[in-house]
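Here's data27.txt, which has compact mmCIF, C-alpha atoms and all ligand atoms:
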```
# COMPACT_ATOMS: atom_id res chain seq x y z
CA MET A 1 0.00 0.00 0.00
CA PHE A 2 2.78 2.39 0.76
CA SER A 3 5.34 1.36 -1.83
CA ASN A 4 6.73 3.62 -4.51
CA LYS A 5 5.11 1.33 -7.06
CA PHE A 6 1.74 2.10 -5.61
CA GLY A 7 2.57 5.77 -5.64
CA ARG A 8 3.45 5.63 -9.33
CA LEU A 9 0.22 3.82 -9.97
CA MET A 10 -1.69 6.58 -8.22
CA LEU A 11 -0.12 9.18 -10.51
CA GLY A 12 -1.08 7.17 -13.57
CA LEU A 13 -4.61 6.81 -12.34
CA TYR A 14 -5.00 10.50 -11.95
CA GLY A 15 -4.45 10.76 -15.69
CA TRP A 16 -7.25 8.41 -16.63
CA LYS A 17 -9.49 8.29 -13.64
CA MET A 18 -12.26 10.36 -15.21
CA SER A 19 -12.53 8.18 -18.28
CA ALA A 20 -12.43 5.10 -16.08
CA VAL A 21 -15.29 6.38 -14.00
CA CYS A 22 -17.30 6.97 -17.17
CA GLY A 23 -16.68 3.40 -18.28
CA VAL A 24 -14.45 4.36 -21.21
CA VAL A 25 -11.41 2.54 -19.95
CA GLN A 26 -8.81 2.19 -22.66
CA SER A 27 -5.82 1.54 -20.47
CA SER A 28 -3.93 -1.65 -19.74
CA ALA A 29 -7.09 -2.73 -17.96
CA GLY A 30 -8.75 -3.63 -21.23
CA ARG A 31 -5.67 -5.35 -22.63
CA SER A 32 -5.36 -7.61 -19.59
CA GLY A 33 -8.96 -8.77 -19.82
CA PHE A 34 -9.95 -6.75 -16.81
CA SER A 35 -13.66 -5.94 -16.74
CA TRP A 36 -14.62 -2.62 -15.30
CA THR A 37 -18.29 -3.67 -15.51
CA ALA A 38 -17.59 -6.65 -13.26
CA VAL A 39 -15.85 -4.41 -10.79
CA CYS A 40 -18.77 -1.99 -10.77
CA LYS A 41 -21.14 -4.90 -10.12
CA GLN A 42 -18.97 -6.08 -7.26
CA ARG A 43 -18.85 -2.56 -5.89
CA THR A 44 -22.64 -2.24 -6.12
CA LEU A 45 -23.07 -5.50 -4.22
CA TRP A 46 -20.81 -4.21 -1.49
CA LEU A 47 -22.78 -0.99 -1.24
CA GLN A 48 -26.04 -2.93 -1.09
CA ARG A 49 -24.63 -5.10 1.68
CA SER A 50 -23.53 -2.01 3.63
CA THR A 51 -26.97 -0.45 3.25
CA CYS A 52 -28.58 -3.69 4.35
CA LEU A 53 -26.32 -3.89 7.41
CA LYS A 54 -27.19 -0.32 8.33
CA SER A 55 -30.94 -0.95 8.01
CA GLN A 56 -30.61 -4.06 10.18
CA HIS A 57 -29.03 -1.85 12.82
CA HIS A 58 -31.56 0.94 12.47
CA THR A 59 -32.29 0.98 16.20
CA VAL A 60 -28.70 1.97 17.08
CA PRO A 61 -26.79 5.09 16.02
CA CYS A 62 -25.44 4.75 12.48
CA HIS A 63 -21.80 5.05 13.58
CA ILE A 64 -22.13 1.85 15.64
CA SER A 65 -21.55 -0.83 13.04
CA ALA A 66 -20.91 -4.54 13.25
CA ARG A 67 -17.28 -3.58 14.02
CA SER A 68 -18.16 -2.41 17.49
CA ALA A 69 -19.34 -5.79 18.72
CA SER A 70 -15.84 -7.18 19.18
CA HIS A 71 -14.53 -4.70 21.81
CA THR A 72 -11.00 -5.15 20.56
CA THR A 73 -9.31 -3.02 17.96
CA VAL A 74 -7.15 -5.92 16.87
CA ASP A 75 -7.71 -7.61 13.53
CA PRO A 76 -5.43 -10.68 13.62
CA ASP A 77 -4.94 -10.58 9.84
CA GLU A 78 -3.63 -7.03 10.04
CA VAL A 79 -1.26 -7.94 12.85
CA ARG A 80 0.07 -10.87 10.82
CA ARG A 81 0.57 -8.61 7.80
CA PHE A 82 2.54 -6.01 9.72
CA GLN A 83 4.47 -8.72 11.53
CA SER A 84 5.87 -9.81 8.18
CA LEU A 85 7.02 -6.23 7.48
CA ALA A 86 8.47 -5.49 10.92
CA SER A 87 12.09 -5.30 9.76
CA LYS A 88 11.33 -2.91 6.88
CA TRP A 89 10.26 0.22 8.73
CA TRP A 90 13.43 2.25 8.29
CA ASP A 91 14.04 1.42 4.64
CA GLU A 92 13.24 4.83 3.22
CA GLN A 93 12.92 3.45 -0.32
CA GLY A 94 10.91 0.38 0.71
CA GLU A 95 7.31 -0.47 1.54
CA PHE A 96 6.99 2.44 3.95
CA ALA A 97 8.56 5.14 1.77
CA ALA A 98 5.32 7.12 1.58
CA LEU A 99 5.02 7.09 5.38
CA HIS A 100 8.53 8.51 5.69
CA ALA A 101 7.56 11.25 3.24
CA MET A 102 4.28 11.92 5.03
CA ASN A 103 6.24 13.29 8.00
CA ASP A 104 6.68 16.50 5.99
CA LEU A 105 2.96 17.15 6.48
CA ARG A 106 1.93 15.32 9.60
CA VAL A 107 4.70 16.48 11.93
CA PRO A 108 3.97 20.21 11.32
CA PHE A 109 0.22 19.47 11.41
CA ILE A 110 0.54 17.99 14.90
CA ARG A 111 3.11 20.52 16.10
CA ASP A 112 1.24 23.61 14.91
CA ASN A 113 -2.15 22.48 16.19
CA LEU A 114 -0.62 21.73 19.59
CA LEU A 115 1.16 25.07 19.62
CA SER A 116 -2.13 26.82 18.96
CA VAL A 117 -3.11 25.64 22.43
CA HIS A 118 0.15 25.17 24.31
CA ARG A 119 2.72 27.95 24.18
CA ALA A 120 6.24 26.81 23.35
CA ARG A 121 8.54 27.48 26.27
CA HIS A 122 11.76 25.77 25.19
CA PRO A 123 13.53 27.10 22.12
CA GLY A 124 14.15 24.23 19.72
CA ARG A 125 11.91 21.89 21.73
CA PRO A 126 8.46 23.45 21.24
CA LEU A 127 6.52 20.43 22.51
CA ALA A 128 8.50 20.10 25.77
CA GLY A 129 6.21 19.30 28.69
CA LEU A 130 3.60 17.50 26.59
CA ARG A 131 2.85 13.78 26.71
CA ILE A 132 1.88 12.18 23.41
CA LEU A 133 0.60 8.66 22.75
CA ASP A 134 1.40 7.34 19.25
CA VAL A 135 -1.10 4.52 18.65
CA GLY A 136 0.01 2.00 16.02
CA CYS A 137 3.48 3.50 15.97
CA GLY A 138 5.00 0.70 13.88
CA GLY A 139 8.74 1.28 13.71
CA GLY A 140 8.50 4.76 15.21
CA LEU A 141 8.62 6.81 11.98
CA LEU A 142 6.41 9.49 13.52
CA THR A 143 7.24 8.83 17.17
CA GLU A 144 10.86 9.90 16.76
CA PRO A 145 10.33 13.34 15.18
CA LEU A 146 7.69 14.14 17.79
CA GLY A 147 10.23 13.19 20.46
CA ARG A 148 12.81 15.48 18.86
CA LEU A 149 10.34 18.34 19.23
CA GLY A 150 10.63 17.83 22.98
CA ALA A 151 7.45 15.84 23.74
CA LYS A 152 7.48 12.73 25.89
CA VAL A 153 6.14 10.19 23.43
CA LEU A 154 4.94 6.66 24.12
CA GLY A 155 4.61 4.55 20.98
CA ILE A 156 2.41 1.47 21.19
CA ASP A 157 1.74 -1.26 18.65
CA PRO A 158 0.43 -4.83 18.96
CA VAL A 159 3.22 -6.13 16.73
CA GLU A 160 6.11 -6.95 19.06
CA ASP A 161 8.71 -7.13 16.30
CA SER A 162 7.79 -3.61 15.13
CA ILE A 163 8.26 -2.37 18.68
CA SER A 164 11.68 -4.06 18.79
CA THR A 165 12.61 -2.33 15.54
CA ALA A 166 11.42 1.01 16.94
CA GLN A 167 13.35 0.55 20.19
CA LEU A 168 16.53 -0.40 18.40
CA HIS A 169 16.31 2.53 15.99
CA SER A 170 15.63 5.14 18.66
CA SER A 171 18.50 3.78 20.76
CA TYR A 172 20.91 5.11 18.09
CA ASP A 173 19.90 8.68 18.96
CA PRO A 174 20.92 9.73 22.49
CA ASP A 175 18.57 12.73 22.26
CA LEU A 176 15.62 10.35 22.24
CA CYS A 177 16.48 8.20 25.25
CA ASP A 178 14.57 10.37 27.73
CA GLY A 179 11.63 11.38 25.59
CA VAL A 180 10.67 8.35 23.55
CA SER A 181 9.54 4.97 24.82
CA TYR A 182 7.69 2.01 23.30
CA ARG A 183 5.42 -0.78 24.42
CA ALA A 184 3.96 -3.76 22.62
CA CYS A 185 0.31 -3.43 23.56
CA THR A 186 -3.03 -2.19 22.30
CA LEU A 187 -4.79 1.05 23.10
CA GLU A 188 -7.53 -0.82 24.96
CA GLU A 189 -4.96 -2.60 27.13
CA LEU A 190 -3.28 0.69 28.00
CA SER A 191 -6.63 2.31 28.69
CA ALA A 192 -7.69 -0.54 30.98
CA GLU A 193 -4.42 -0.30 32.93
CA GLU A 194 -5.00 3.33 33.66
CA GLU A 195 -8.52 2.51 34.74
CA GLY A 196 -7.05 0.35 37.52
CA GLY A 197 -4.25 2.75 38.43
CA ALA A 198 -3.58 4.07 41.90
CA GLU A 199 -4.44 7.63 40.88
CA GLU A 200 -7.94 8.75 40.05
CA PRO A 201 -9.69 5.89 38.21
CA GLY A 202 -9.52 6.41 34.51
CA ALA A 203 -7.15 9.32 35.00
CA ALA A 204 -6.34 10.89 31.64
CA GLN A 205 -2.65 10.72 30.89
CA PHE A 206 -1.94 12.30 27.55
CA ASP A 207 -2.04 15.79 26.07
CA ALA A 208 -2.35 14.28 22.60
CA VAL A 209 -3.08 10.94 20.94
CA VAL A 210 -1.83 10.32 17.42
CA ALA A 211 -3.09 7.53 15.14
CA SER A 212 -1.54 8.00 11.73
CA GLU A 213 -2.53 5.55 8.97
CA VAL A 214 -3.89 3.21 11.63
CA VAL A 215 -7.69 3.39 11.85
CA GLU A 216 -8.10 1.64 8.48
CA HIS A 217 -6.40 -1.39 10.04
CA LEU A 218 -8.56 -1.66 13.17
CA ALA A 219 -11.31 -4.16 13.90
CA ASP A 220 -13.43 -1.84 16.04
CA LEU A 221 -13.45 1.94 15.71
CA GLU A 222 -15.98 2.45 18.47
CA THR A 223 -13.56 0.93 21.00
CA PHE A 224 -10.72 2.96 19.50
CA ALA A 225 -12.59 6.27 19.85
CA PHE A 226 -13.74 5.47 23.37
CA CYS A 227 -10.24 4.55 24.51
CA CYS A 228 -8.69 7.63 22.86
CA SER A 229 -11.04 9.79 24.85
CA HIS A 230 -10.32 7.80 27.97
CA VAL A 231 -6.54 8.23 27.91
CA LEU A 232 -6.65 11.93 26.89
CA LYS A 233 -6.72 14.81 29.30
CA PRO A 234 -9.77 17.05 28.93
CA GLY A 235 -8.92 19.50 26.20
CA GLY A 236 -6.38 17.05 24.78
CA SER A 237 -5.90 16.64 21.04
CA LEU A 238 -6.51 13.63 18.81
CA PHE A 239 -4.71 13.52 15.45
CA ILE A 240 -5.74 10.98 12.82
CA THR A 241 -4.57 10.51 9.26
CA THR A 242 -6.36 7.91 7.17
CA ILE A 243 -7.99 7.02 3.83
CA ASN A 244 -11.44 8.15 2.77
CA LYS A 245 -14.12 5.65 1.73
CA THR A 246 -14.74 6.80 -1.84
CA ASN A 247 -14.98 5.24 -5.27
CA LEU A 248 -11.54 6.64 -6.00
CA SER A 249 -9.95 5.05 -2.95
CA TYR A 250 -11.70 1.80 -3.89
CA ALA A 251 -10.39 1.98 -7.44
CA LEU A 252 -6.85 2.83 -6.35
CA GLY A 253 -6.48 0.80 -3.21
CA ILE A 254 -8.45 -2.33 -4.06
CA VAL A 255 -9.12 -2.74 -7.76
CA VAL A 256 -5.98 -1.42 -9.36
CA ALA A 257 -3.34 -2.09 -6.73
CA GLU A 258 -4.59 -5.56 -5.82
CA GLN A 259 -6.86 -7.03 -8.47
CA LEU A 260 -5.60 -5.43 -11.66
CA LEU A 261 -1.89 -4.85 -11.36
CA HIS A 262 -1.09 -7.02 -8.32
CA ILE A 263 1.20 -4.36 -6.95
CA VAL A 264 0.17 -5.36 -3.44
CA PRO A 265 -1.04 -8.81 -2.44
CA SER A 266 -4.74 -9.40 -2.78
CA GLY A 267 -6.41 -8.75 0.56
CA THR A 268 -4.05 -6.01 1.72
CA HIS A 269 -6.87 -3.45 1.73
CA ASP A 270 -10.35 -3.82 3.07
CA TRP A 271 -12.38 -0.99 1.57
CA GLU A 272 -15.09 -1.66 4.15
CA LYS A 273 -12.66 -0.47 6.83
CA PHE A 274 -11.95 2.86 5.19
CA ILE A 275 -13.90 5.71 6.73
CA SER A 276 -15.15 9.05 5.43
CA PRO A 277 -14.34 12.25 7.33
CA GLU A 278 -18.06 12.68 8.01
CA GLU A 279 -18.44 9.23 9.55
CA LEU A 280 -15.25 9.66 11.56
CA GLU A 281 -16.50 13.02 12.82
CA ARG A 282 -19.81 11.46 13.94
CA LEU A 283 -17.96 8.67 15.70
CA LEU A 284 -15.63 11.08 17.50
CA GLU A 285 -18.34 13.52 18.49
CA SER A 286 -20.37 10.70 20.03
CA ASN A 287 -17.28 9.89 22.08
CA GLY A 288 -16.79 13.36 23.51
CA PHE A 289 -14.67 15.02 20.83
CA SER A 290 -15.09 18.21 18.89
CA VAL A 291 -13.52 18.08 15.42
CA LYS A 292 -11.46 21.19 14.74
CA SER A 293 -10.09 20.60 11.26
CA VAL A 294 -10.01 18.12 8.39
CA GLU A 295 -7.41 18.61 5.65
CA GLY A 296 -6.98 16.69 2.40
CA MET A 297 -3.58 15.22 1.62
CA LEU A 298 -2.22 14.24 -1.78
CA TYR A 299 0.75 12.03 -2.61
CA ASN A 300 2.77 12.89 -5.69
CA PRO A 301 4.48 9.67 -6.69
CA ALA A 302 6.75 11.40 -9.19
CA SER A 303 8.39 13.48 -6.49
CA GLY A 304 7.64 11.05 -3.64
CA SER A 305 6.20 13.91 -1.65
CA TRP A 306 2.92 14.88 -0.04
CA SER A 307 1.06 18.17 -0.20
CA TRP A 308 -2.08 19.63 1.29
CA THR A 309 -5.11 19.76 -0.99
CA ASN A 310 -8.70 20.94 -0.79
CA SER A 311 -9.95 17.46 -1.63
CA THR A 312 -10.32 14.81 1.05
CA ALA A 313 -11.30 12.19 -1.57
CA ILE A 314 -8.33 9.94 -0.88
CA ASN A 315 -6.17 10.81 2.15
CA TYR A 316 -6.95 13.24 4.94
CA ALA A 317 -5.74 14.46 8.31
CA LEU A 318 -8.10 15.26 11.16
CA HIS A 319 -7.62 17.16 14.41
CA ALA A 320 -10.17 16.77 17.20
CA VAL A 321 -10.19 17.95 20.78
CA LYS A 322 -11.61 16.11 23.76
CA VAL A 323 -14.37 18.37 25.00
CA ARG A 324 -13.35 19.89 28.29
CA ASP A 325 -15.47 18.69 31.20
CA ASP A 326 -15.65 21.15 34.09
CA ALA A 327 -16.21 18.23 36.46
CA GLN A 328 -12.79 16.91 35.51
CA PRO A 329 -10.38 19.85 35.77
CA ASP A 330 -6.78 19.27 34.71
CA GLN A 331 -4.90 17.89 37.70
CA THR A 332 -1.23 17.85 36.86
CA GLU A 333 1.05 20.80 37.27
CA ASP A 334 2.00 20.62 33.61
CA SER A 335 -1.61 20.47 32.48
CA SER A 336 -2.71 23.43 34.54
CA SER A 337 0.14 25.56 33.31
CA HIS A 338 -0.66 24.47 29.74
CA SER A 339 -4.28 25.44 30.32
CA GLU A 340 -3.16 28.89 31.42
CA ASP A 341 -1.00 29.03 28.34
CA ALA A 342 -4.05 28.20 26.25
CA ALA A 343 -6.00 31.02 27.84
CA THR A 344 -3.27 33.55 27.29
CA HIS A 345 -2.60 32.27 23.79
CA SER A 346 -6.12 32.82 22.53
C1 LIG B 401 0.33 1.71 8.13
S1 LIG B 401 1.08 1.39 9.64
C2 LIG B 401 1.33 3.01 10.32
C3 LIG B 401 2.51 3.06 11.27
C4 LIG B 401 2.81 4.44 11.85
N1 LIG B 401 1.66 5.00 12.48
C5 LIG B 401 3.34 5.36 10.80
O1 LIG B 401 2.55 6.09 10.21
O2 LIG B 401 4.52 5.32 10.52
C6 LIG B 401 -0.25 0.75 10.62
C7 LIG B 401 0.18 0.32 11.98
O3 LIG B 401 -0.98 0.00 12.75
C8 LIG B 401 -0.64 -1.08 13.57
N2 LIG B 401 -1.85 -1.73 14.07
C9 LIG B 401 -2.58 -2.71 13.53
N3 LIG B 401 -3.60 -3.03 14.34
C10 LIG B 401 -3.51 -2.23 15.42
C11 LIG B 401 -4.25 -2.07 16.62
N4 LIG B 401 -5.33 -2.82 16.85
N5 LIG B 401 -3.87 -1.15 17.51
C12 LIG B 401 -2.79 -0.38 17.27
N6 LIG B 401 -2.04 -0.48 16.16
C13 LIG B 401 -2.39 -1.40 15.25
C14 LIG B 401 0.19 -1.97 12.69
O4 LIG B 401 0.94 -2.92 13.42
C15 LIG B 401 1.06 -0.92 12.01
O5 LIG B 401 2.21 -0.66 12.74
```

Could I get this file's structure written as structure tokens?
Amino acid sequence: MFSNKFGRLMLGLYGWKMSAVCGVVQSSAGRSGFSWTAVCKQRTLWLQRSTCLKSQHHTVPCHISARSASHTTVDPDEVRRFQSLASKWWDEQGEFAALHAMNDLRVPFIRDNLLSVHRARHPGRPLAGLRILDVGCGGGLLTEPLGRLGAKVLGIDPVEDSISTAQLHSSYDPDLCDGVSYRACTLEELSAEEEGGAEEPGAAQFDAVVASEVVEHLADLETFAFCCSHVLKPGGSLFITTINKTNLSYALGIVVAEQLLHIVPSGTHDWEKFISPEELERLLESNGFSVKSVEGMLYNPASGSWSWTNSTAINYALHAVKVRDDAQPDQTEDSSSHSEDAATHS
């Protein structure tokens, strides 16, 4: 999904996507015997099944889907898939090249949104004093730069070998030894631990939770959203980057990359697990968040770089804030001083 090959494919698709949508495909698709009509039929069946599922669940809010019945975010197939890639995280030209490049957007996105609330007090380390949880951190591609900005960052991932890779890589940089740590666990496990902690039950720990390119790999988004809220301090920020659930993301991520050109193994993507910004917003708001911004992101495979775009049709970044509850005032010294900062900043 994140290889350069896939990126090149995306660029090509941009050239002919409109004709493809109109059913006038004259690309390699036709030459290889690929049938766009069959794909459209398959897609229609999927949509009908989704509609049917929703109508069966008409007595519950629409954001609560069949996914929420499991109460675990872990999809064993996803864990197996990432297990097989656990040694590849720091190959900048490899499977995760696009994630490396995405740091150019997502690190400033997280930093600047946090700085709009928390005043920087340490030159060169603007996020000093903040605790960030990086959910689904993989090899630590995003965890490390956030640590270099001064935050105390905990990276968690259910894939133990990815955590080992992340620990080994961060150990090469002495500047990270205080600020960055990793654990092989899930968000729900971490959340449950804090529930049983000696401090206030369910005490919120983090100023920010980051889940970048993760939610499309989870089994249960309801549990994810609930646990994010649970581990965040009131007023804390949630940052998500993910893939929209559109025809274009279906065509790129499922049909072309898997079924047509076999650039990624069949089954790598589950379009049903992609989520639109609107659905994600509903899910988060029902779990105590207020969504502050949603920005479209676009990968340019020719340059291997990302840029912001007005369209959220494929990739997007979202910033939400846990709605402050007056019954749960910030308790820590750091938090209260950050709250004052927020007041003076605005
Ligand atoms: C596409 S990678 C993104 C890694 C990292 N966030 C980044 O952007 O560099 C998706 C990550 O989600 C992790 N993951 C899969 N299921 C998860 C779960 N239930 N909870 C947390 N992380 C999970 C995978 O192991 C993998 O590391």

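When atom N2 of ligand LIG 401 (chain B) is paired with CA of Thr73 in chain A, their separation reads 8.5 Å.
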
Report task. Could you pull out the residues sitting within 7 Å of ligand LIG 401 (chain B), using all atoms listed in the file, and write them as a PyMOL selection string? Result -> chain A and resi 73-75+78-79+82+99+135-142+156-159+162+186-187+211-214+217-219

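Between CA of Val107 in chain A and CA of Arg80 in chain A the interatomic distance comes to 27.8 Å.
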
Requested in this report: May I ask for the distance between CA of Trp271 in chain A and CA of Asp220 in chain A, given in Å to one decimal place?
Outcome: 14.5 Å

**Report entry** Non-local contacts of Cys227 in chain A (10 Å; all atoms listed in the file; under 2 positions in same chain excluded) as a ChimeraX atom specification
**Finding:** /A:187-192,221-225,229-232,287

Requested in this report: Would you mind telling me which residue in A:Ala101, A:Arg131, A:Gln93, A:Ser87 lies nearest to Asn300 in chain A when using all atoms listed in the file?
Outcome: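 Selected residue with least distance to Asn300 in chain A: A:Ala101.
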